[in-house]
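*Asks:* A single structure is presented below for examination.
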Amino acid sequence: MMATASRTRVSATRVSAKGSSVPARTSRASARRAASVRTRAGADAGPFDGYTFKPIREREVSREMSTRYFQDLYKYADADVIIMGSGSAGLACAYELSKHPDVSVALIEQSVAPGGGAWLGGQLFSSMVIRKPAHHFLTELGLEFEDYENYVVLKHAAQYTSTIMSKVLEAPNVKLFNATCVEDLIVKENRVAGVVTNWSTVTLFGHDTQSCMDPNVLEAKVVVSACGHDGPFGATGVKRLEELGLVKKVPGMAALDMNKAEDAVVANTREVFPGMIITGMEVAEVDGCPRMGPTFGAMFISGQKAAYMALKALGKEDNALNTFTSIESGKSFKKDGFGSLFQKQ
């Protein structure tokens with residue numbers, strides 16, 4: 001009986017290629033699963049028949065991701081420009097700054113997905129309406145649209161967001177830190193000098209459940225606040241300045257008036273406090289401008305203006321004059337600067 005039992009145990013195992021014993025039942029089950037997968041793939045899978053990937057160690061994936069991320073954190077801990085928010089205005093600002101490879105730009109976004117509200121038009125509709133002459137910016141990006149007398153229509157708002165985002169992300173001087181919140185500002189000698197950051201999950205949920213979740217910091221020569229309106233992080237930059245007593249009041253947006261709103265947002269895009277430029281709908285929040293609703297031209301131009309002002313603050317205005325290629329032709333920027341377009345500087 002002992003010998004029989006021993007023979008039974010031996011026959012129930014096999015030796016793997018590495019010398020370890022594997023139960024025969026497991027081996028047969030694995031073979032059946034593999035055969036089942038091949039069956040489901042079909043007998044005629046064309047060029048995908050037998051498709052396999054090169055082997056990789058799990059630790060290699062971890063190391064490739066983490067080393068690059070922490071190298072970026074090291075580099076952008078001292079950035080030329082930090083942009084808070086990557087909605088339509090923040091992306092336009094980052095795009096213009098990406099044309100200047102000697103300017104390092106950290107783009108910080110609290111959501112996993114950049115783009116803000118620019119993935120759709122109004123009320124979750126697909127198309128994006130842009131009033132002229134801001135359509136020249138779409139042309140620079142290589143986007144086609146339906147052309148009307150005073151405005152153009154982009155087939156889907158996501159075309160703008162995905163296109164400009166791809167151009168921004170491929171730039172060697174721009175780093176997107178998404179799923180990252182700006183929790184506070186660094187203010188030194190009466191000037192904004194950087195931002196205080198944390199993982200978005202910590203900012204949203206961790207502080208109420210943990211005793212201590214300290215942040216990280218990034219310094220910058222210029223901070224552009226493009227935090228938009230409404231929502232838990234709407235107008236974060238100017239709201240914090242108000243709490244600190246550095247701006248008098250943040251009244252919020254006035255009622256909707258598209259014609260007044262877009263002109264006002266571009267005109268009032270400015271350095272609201274030394275070291276911090278506001279752009280996009282955050283301008284309406286601090287100035288009480290009318291809300292504009294689902295038109296996006298002012299977001300593009302306000303973002304461009306913020307980039308121009310950041311370059312000007314860095315002493316690179318002359319270089320900036322050569323790179324705003326989507327601005328309406330016929331204006332003598334070399335002679336007059338951007339005053340005729342941007343109104344206030």
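Naming scheme: A, B, ... for chains in displayed order of the structure tokens; residues 1 onward per chain; ligands 1 onward as shown.
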What's the 10 Å shell around A:Ser166, counting only C-alpha atoms, without same-chain residues fewer than 5 positions away, as a PyMOL selection string?
*Replies:* chain A and resi 95+161+171
*Asks:* Determine, using only C-alpha atoms, which residues of stretch 99-151 of chain A have any atom at most 10 Å from an atom of stretch 302-315 of chain A, and tabulate each with its shortest atom pair and distance in Å to one decimal place, rows ordered by chain and then rising number, as a tab-separated table.
*Replies:*
residue	atom	partner	partner_atom	distance
A:His100	CA	A:Leu311	CA	9.1
A:Val103	CA	A:Leu311	CA	8.5
A:Phe137	CA	A:Gln304	CA	9.6
*Asks:* Among the residues of stretch 95-284 of chain A, find those DSSP assigns to strand (DSSP E) from the backbone and print them as number ranges by chain.
*Replies:* A: 105-109, 128-131, 146-147, 151-154, 174-178, 180-188, 191-199, 216-225, 270-273, 276-278
*Asks:* Residues of stretch 170-201 of chain A within 12 Å of stretch 221-239 of chain A: nearest atom pair and distance (Å, one decimal) for each, counting only C-alpha atoms, sorted by chain and number, as JSON lines?
*Replies:*
{"residue": "A:Thr180", "atom": "CA", "partner": "A:Phe233", "partner_atom": "CA", "distance": 11.6}
{"residue": "A:Cys181", "atom": "CA", "partner": "A:Phe233", "partner_atom": "CA", "distance": 8.6}
{"residue": "A:Val182", "atom": "CA", "partner": "A:Thr236", "partner_atom": "CA", "distance": 8.1}
{"residue": "A:Glu183", "atom": "CA", "partner": "A:Thr236", "partner_atom": "CA", "distance": 8.5}
{"residue": "A:Asp184", "atom": "CA", "partner": "A:Gly237", "partner_atom": "CA", "distance": 8.2}
{"residue": "A:Leu185", "atom": "CA", "partner": "A:Gly237", "partner_atom": "CA", "distance": 7.9}
{"residue": "A:Ile186", "atom": "CA", "partner": "A:Val223", "partner_atom": "CA", "distance": 10.1}
{"residue": "A:Val187", "atom": "CA", "partner": "A:Val223", "partner_atom": "CA", "distance": 11.1}
{"residue": "A:Lys188", "atom": "CA", "partner": "A:Lys221", "partner_atom": "CA", "distance": 11.6}
{"residue": "A:Arg191", "atom": "CA", "partner": "A:Val222", "partner_atom": "CA", "distance": 9.7}
{"residue": "A:Val192", "atom": "CA", "partner": "A:Val223", "partner_atom": "CA", "distance": 7.2}
{"residue": "A:Ala193", "atom": "CA", "partner": "A:Lys221", "partner_atom": "CA", "distance": 6.2}
{"residue": "A:Gly194", "atom": "CA", "partner": "A:Val223", "partner_atom": "CA", "distance": 6.5}
{"residue": "A:Val195", "atom": "CA", "partner": "A:Val223", "partner_atom": "CA", "distance": 8.1}
{"residue": "A:Val196", "atom": "CA", "partner": "A:Gly237", "partner_atom": "CA", "distance": 11.4}
{"residue": "A:Ser200", "atom": "CA", "partner": "A:Phe233", "partner_atom": "CA", "distance": 10.8}
*Asks:* Report as a tab-separated table: every residue of stretch 96-119 of chain A with an atom at most 9 Å from stretch 74-92 of chain A, its closest pair of atoms, and their distance in Å to one decimal, counting only C-alpha atoms, with rows sorted by chain and ascending residue number.
*Replies:*
residue	atom	partner	partner_atom	distance
A:Glu96	CA	A:Ala92	CA	6.4
A:Leu97	CA	A:Ala92	CA	8.7
A:Val103	CA	A:Asp80	CA	5.9
A:Ser104	CA	A:Asp80	CA	5.1
A:Val105	CA	A:Val81	CA	4.9
A:Ala106	CA	A:Ile82	CA	4.8
A:Leu107	CA	A:Ile83	CA	4.8
A:Ile108	CA	A:Met84	CA	5.1
A:Glu109	CA	A:Gly85	CA	4.9
A:Gln110	CA	A:Gly85	CA	7.3
A:Pro114	CA	A:Ser86	CA	5.5
A:Gly115	CA	A:Gly87	CA	4.3
A:Gly116	CA	A:Gly87	CA	4.1
A:Gly117	CA	A:Gly87	CA	6.6
A:Ala118	CA	A:Ser88	CA	5.9
*Asks:* Find the residue from A:Pro251, A:Pro294, A:Gly280, A:Pro133 that sits nearest to A:Ala267; use only C-alpha atoms when measuring.
*Replies:*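 Checking each candidate against A:Ala267, we get A:Gly280 as the closest.
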*Asks:* One number please: atom CA of A:Gln210 to atom CA of A:Lys175, in Å, one decimal.
*Replies:*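 Rounded to one decimal, the two atoms are 29.5 Å apart.
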*Asks:* What lies within 6 Å of A:Glu285 using only C-alpha atoms, ignoring chain neighbours under 3 positions off, as an MDAnalysis selection string?
*Replies:* chainID A and resid 252:253 282 288
